[in-house]
Amino acid sequence: MLYFMNDYSEGAHEKVLNALIKTNMEQHVGYGVDDITNEAIALLKKRINKPDADVHFLITGTQTNTIAIAHFLRPYEAVIATDHGHISVHETGAIEATGHKIIEMESKDGVLTTEMIDAAILKHADEHWVLPKMVYISNATETGTIYTKSMLEDIRKACDKYGLYLYLDGARLANALTCADNDMTIEDVASLTDAFTIGGTKNGILFGEALVITNNRLKEHMRFSIKQRGALLAKGRLLGVQFRALFEEDLYFEIAKHTNEMATILKNGILDLGYELVTNPSTNLIFTILPNGVHDRLSKHCYYEAEHPYDENNMEARFVTSWATPKEDVLELLRLLKEFKAN
């Protein structure tokens, strides 16, 4: 079977595993205050050119988003996001469960615009509504699209206009920053946001996300929130070891380039075969319209996500490449798509 279901099913990159093995029997203090974790934090601060940033390593994306938003906001404050946002559709109401409403704005491609922010602010006019206080965006988005530097700058201006925090979910940030359509650096992300995450789970490590806080108003007592919500890992050095391996020689960006290269081959091949795309992705999430007959046959040879009918005759299929996807698998998938379309 071919596997294009997601980008986190493989274990970890060889360099990450070797780093874990090398340090396996070392004795370190717990809860992320060990020397290795401090080295990883120093590497990240240097890479983003923010020596005064606070960096916290957590285990999962949902956990990170939930803790960050709960810590940053007062109980009556809310988050503006698109209806595709991970916090909107893939986190089981975790944000609402902490007492913060998500103001969902409809978006065809998963991108939040300044016009959407304007509309959300206009609607929530007084104390009878929740108070919008944060903008949540994902880069790359949940549809594989990205934000350009000018788009992020415009959102920053809107946030400053309305007194909003800007929080960027970077579960797939490496893919966004290494794709051909990108014009932004990780330093730009750090300069334009109040807080953002650097995803590792979907980019070569066993588990782990880095929460980076650049706004001084949001930094205080974060470790208390992390501990209270069960996320202060006793063996915290396991996160430090993995992120140190990712950023010692920019492995984080190197392996994301492969992910995007495989996605580009797949995307172009799908278009060449005459299939339609639901969105125009820049990264590794490719949503395709498959006739039901093609889907029925292909699903016997390939794992991919096809949970939603596009219409009565077609399925909406999602193909995802990863840092470990072999080019041979991409070419075989295209061969099957060609064969089943012709028959």
# chains A, B, ... in the order shown; residues from 1 in each chain; ligands from 1
>>> residues_around(residues="Val33 (chain A)", least_positions_apart="5", cutoff="8 Å", atoms="only C-alpha atoms", output="JSON, numbers by chain")
{"A": [38, 236, 237]}
>>> write_last_selection(atoms="C-alpha atoms", output="JSON list (two decimals), in the first residue's frame")
[["chain", "number", "residue", "atom", "x", "y", "z"],
["A", 38, "ASN", "CA", 18.69, 25.18, 27.21],
["A", 236, "GLY", "CA", 11.63, 17.29, 29.22],
["A", 237, "ARG", "CA", 15.08, 16.71, 27.81]]
>>> atom_distance(atom1="CA of Ala78 (chain A)", atom2="CA of Gly99 (chain A)")
8.9 Å
>>> closest_residue(among="A:Ile286, A:Ala40, A:Ala324, A:Ala171", to="Ala12 (chain A)", atoms="only C-alpha atoms")
A:Ala324
>>> select_by_dssp(residues="region 125-331 of chain A", states="strand (DSSP E or B)", output="MDAnalysis selection string")
chainID A and resid 131:138 165:169 195:199 209:213 276:277 285:291 302:303 305:311 314:320
>>> residues_around(residues="region 91-97 of chain A", least_positions_apart="5", cutoff="10 Å", atoms="only C-alpha atoms", output="MDAnalysis selection string")
chainID A and resid 61:63 65:70 78:79 85:86 102
>>> write_last_selection(atoms="C-alpha atoms", output="mmCIF file, in the first residue's frame")
data_model
loop_
_atom_site.group_PDB
_atom_site.id
_atom_site.type_symbol
_atom_site.label_atom_id
_atom_site.label_comp_id
_atom_site.auth_asym_id
_atom_site.auth_seq_id
_atom_site.Cartn_x
_atom_site.Cartn_y
_atom_site.Cartn_z
ATOM 1 C CA GLY A 61 -0.210 20.902 18.700
ATOM 2 C CA THR A 62 -3.648 20.879 20.312
ATOM 3 C CA GLN A 63 -2.068 20.978 23.755
ATOM 4 C CA ASN A 65 -2.736 25.929 21.220
ATOM 5 C CA THR A 66 -5.020 25.271 24.182
ATOM 6 C CA ILE A 67 -2.468 26.251 26.810
ATOM 7 C CA ALA A 68 -1.245 29.314 24.920
ATOM 8 C CA ILE A 69 -4.697 30.739 24.226
ATOM 9 C CA ALA A 70 -5.968 30.002 27.747
ATOM 10 C CA ALA A 78 -12.241 35.516 22.089
ATOM 11 C CA VAL A 79 -10.181 34.386 19.114
ATOM 12 C CA GLY A 85 -8.523 26.751 11.365
ATOM 13 C CA HIS A 86 -7.161 23.833 13.328
ATOM 14 C CA ILE A 102 -13.764 31.133 18.524
#
>>> closest_residue(among="A:Thr98, A:Thr141, A:Thr288, A:Thr321", to="Asn6 (chain A)", atoms="only C-alpha atoms")
A:Thr321
>>> closest_residue(among="A:Phe207, A:Tyr167, A:Ala180, A:Thr114", to="Met151 (chain A)", atoms="only C-alpha atoms")
A:Thr114
>>> residues_around(residues="Met222 (chain A)", least_positions_apart="3", cutoff="12 Å", atoms="only C-alpha atoms", output="PyMOL selection string")
chain A and resi 54-58+64+67-72+211-213+216-219+225-229+231-232
>>> select_by_dssp(residues="region 73-318 of chain A", states="helix (DSSP H, G or I)", output="VMD selection string")
chain A and resid 86 to 89 94 to 97 114 to 123 149 to 162 173 to 178 186 to 192 216 to 218 222 to 228 237 to 248 251 to 272 292 to 298
>>> write_last_selection(atoms="C-alpha atoms", output="JSON list (two decimals), in the first residue's frame")
[["chain", "number", "residue", "atom", "x", "y", "z"],
["A", 86, "HIS", "CA", -7.16, 23.83, 13.33],
["A", 87, "ILE", "CA", -8.61, 25.22, 16.54],
["A", 88, "SER", "CA", -11.97, 25.53, 14.77],
["A", 89, "VAL", "CA", -12.39, 22.03, 13.36],
["A", 94, "ALA", "CA", -10.57, 22.45, 23.19],
["A", 95, "ILE", "CA", -10.48, 26.25, 23.03],
["A", 96, "GLU", "CA", -14.16, 26.64, 23.89],
["A", 97, "ALA", "CA", -13.69, 24.13, 26.72],
["A", 114, "THR", "CA", -7.94, 41.83, 7.09],
["A", 115, "GLU", "CA", -11.50, 42.24, 5.79],
["A", 116, "MET", "CA", -12.53, 39.26, 7.91],
["A", 117, "ILE", "CA", -10.89, 40.83, 10.96],
["A", 118, "ASP", "CA", -12.75, 44.09, 10.27],
["A", 119, "ALA", "CA", -16.05, 42.23, 10.00],
["A", 120, "ALA", "CA", -15.48, 40.30, 13.23],
["A", 121, "ILE", "CA", -14.64, 43.48, 15.14],
["A", 122, "LEU", "CA", -17.64, 45.33, 13.72],
["A", 123, "LYS", "CA", -20.04, 42.60, 14.81],
["A", 149, "LYS", "CA", 5.08, 38.59, 3.99],
["A", 150, "SER", "CA", 2.81, 41.40, 2.82],
["A", 151, "MET", "CA", -0.27, 39.46, 3.93],
["A", 152, "LEU", "CA", 1.22, 38.93, 7.39],
["A", 153, "GLU", "CA", 2.23, 42.58, 7.59],
["A", 154, "ASP", "CA", -1.35, 43.63, 6.75],
["A", 155, "ILE", "CA", -2.73, 41.34, 9.46],
["A", 156, "ARG", "CA", -0.20, 42.77, 11.93],
["A", 157, "LYS", "CA", -1.42, 46.29, 11.12],
["A", 158, "ALA", "CA", -5.04, 45.22, 11.64],
["A", 159, "CYS", "CA", -4.13, 43.64, 14.98],
["A", 160, "ASP", "CA", -2.36, 46.82, 16.08],
["A", 161, "LYS", "CA", -5.37, 48.90, 14.98],
["A", 162, "TYR", "CA", -7.77, 46.90, 17.13],
["A", 173, "LEU", "CA", 5.70, 26.29, 9.36],
["A", 174, "ALA", "CA", 8.74, 24.58, 7.85],
["A", 175, "ASN", "CA", 6.70, 23.64, 4.78],
["A", 176, "ALA", "CA", 5.41, 27.19, 4.40],
["A", 177, "LEU", "CA", 8.87, 28.74, 4.68],
["A", 178, "THR", "CA", 10.54, 26.38, 2.20],
["A", 186, "ILE", "CA", 11.33, 32.66, 10.17],
["A", 187, "GLU", "CA", 12.81, 35.93, 11.43],
["A", 188, "ASP", "CA", 9.91, 37.76, 9.74],
["A", 189, "VAL", "CA", 7.42, 35.49, 11.49],
["A", 190, "ALA", "CA", 9.05, 36.20, 14.85],
["A", 191, "SER", "CA", 9.00, 39.96, 14.24],
["A", 192, "LEU", "CA", 5.39, 40.18, 13.08],
["A", 216, "ASN", "CA", 6.54, 40.60, 26.91],
["A", 217, "ARG", "CA", 2.96, 40.98, 28.17],
["A", 218, "LEU", "CA", 2.27, 37.32, 27.41],
["A", 222, "MET", "CA", 3.65, 30.46, 31.35],
["A", 223, "ARG", "CA", 5.29, 27.48, 33.05],
["A", 224, "PHE", "CA", 2.54, 27.58, 35.67],
["A", 225, "SER", "CA", -0.08, 27.23, 32.93],
["A", 226, "ILE", "CA", 1.91, 24.44, 31.28],
["A", 227, "LYS", "CA", 2.17, 22.51, 34.56],
["A", 228, "GLN", "CA", -1.45, 23.07, 35.56],
["A", 237, "ARG", "CA", 15.08, 16.71, 27.81],
["A", 238, "LEU", "CA", 13.49, 14.38, 25.22],
["A", 239, "LEU", "CA", 11.98, 17.47, 23.60],
["A", 240, "GLY", "CA", 15.20, 19.42, 23.95],
["A", 241, "VAL", "CA", 17.27, 16.68, 22.31],
["A", 242, "GLN", "CA", 14.96, 16.54, 19.31],
["A", 243, "PHE", "CA", 14.74, 20.28, 18.74],
["A", 244, "ARG", "CA", 18.49, 20.65, 19.18],
["A", 245, "ALA", "CA", 18.97, 18.07, 16.43],
["A", 246, "LEU", "CA", 16.51, 19.94, 14.18],
["A", 247, "PHE", "CA", 18.23, 23.31, 14.52],
["A", 248, "GLU", "CA", 21.92, 22.45, 14.91],
["A", 251, "LEU", "CA", 17.77, 20.12, 9.47],
["A", 252, "TYR", "CA", 14.31, 21.58, 10.18],
["A", 253, "PHE", "CA", 14.31, 23.40, 6.83],
["A", 254, "GLU", "CA", 16.29, 20.80, 4.88],
["A", 255, "ILE", "CA", 13.80, 17.99, 5.36],
["A", 256, "ALA", "CA", 10.80, 20.26, 4.74],
["A", 257, "LYS", "CA", 12.19, 21.05, 1.29],
["A", 258, "HIS", "CA", 11.92, 17.37, 0.40],
["A", 259, "THR", "CA", 8.30, 17.33, 1.58],
["A", 260, "ASN", "CA", 7.47, 20.22, -0.71],
["A", 261, "GLU", "CA", 9.41, 18.82, -3.65],
["A", 262, "MET", "CA", 7.39, 15.60, -3.48],
["A", 263, "ALA", "CA", 4.18, 17.62, -3.20],
["A", 264, "THR", "CA", 5.06, 19.69, -6.26],
["A", 265, "ILE", "CA", 5.64, 16.58, -8.36],
["A", 266, "LEU", "CA", 2.34, 15.16, -7.17],
["A", 267, "LYS", "CA", 0.37, 18.37, -7.68],
["A", 268, "ASN", "CA", 1.71, 18.94, -11.20],
["A", 269, "GLY", "CA", 1.12, 15.32, -12.12],
["A", 270, "ILE", "CA", -2.47, 15.44, -10.88],
["A", 271, "LEU", "CA", -3.14, 18.56, -12.96],
["A", 272, "ASP", "CA", -1.45, 17.04, -16.03],
["A", 292, "ASN", "CA", -16.25, 7.86, -7.21],
["A", 293, "GLY", "CA", -15.07, 5.05, -9.47],
["A", 294, "VAL", "CA", -11.45, 6.19, -9.28],
["A", 295, "HIS", "CA", -11.71, 6.56, -5.51],
["A", 296, "ASP", "CA", -13.15, 3.06, -5.09],
["A", 297, "ARG", "CA", -10.26, 1.50, -7.00],
["A", 298, "LEU", "CA", -7.47, 3.73, -5.71]]
>>> closest_residue(among="A:Ala195, A:Asn284, A:Thr23, A:Glu339", to="Asp35 (chain A)", atoms="only C-alpha atoms")
A:Thr23
>>> residues_around(residues="Pro309 (chain A)", least_positions_apart="3", cutoff="12 Å", atoms="only C-alpha atoms", output="ChimeraX atom specification")
/A:288-292,295,305-306,312-318
>>> residues_around(residues="Asp126 (chain A)", least_positions_apart="5", cutoff="12 Å", atoms="only C-alpha atoms", output="list of chain:residue names")
A:Tyr76, A:Glu77, A:Ile121, A:Leu131, A:Pro132
>>> atom_distance(atom1="CA of Met25 (chain A)", atom2="CA of Arg47 (chain A)")
28.7 Å
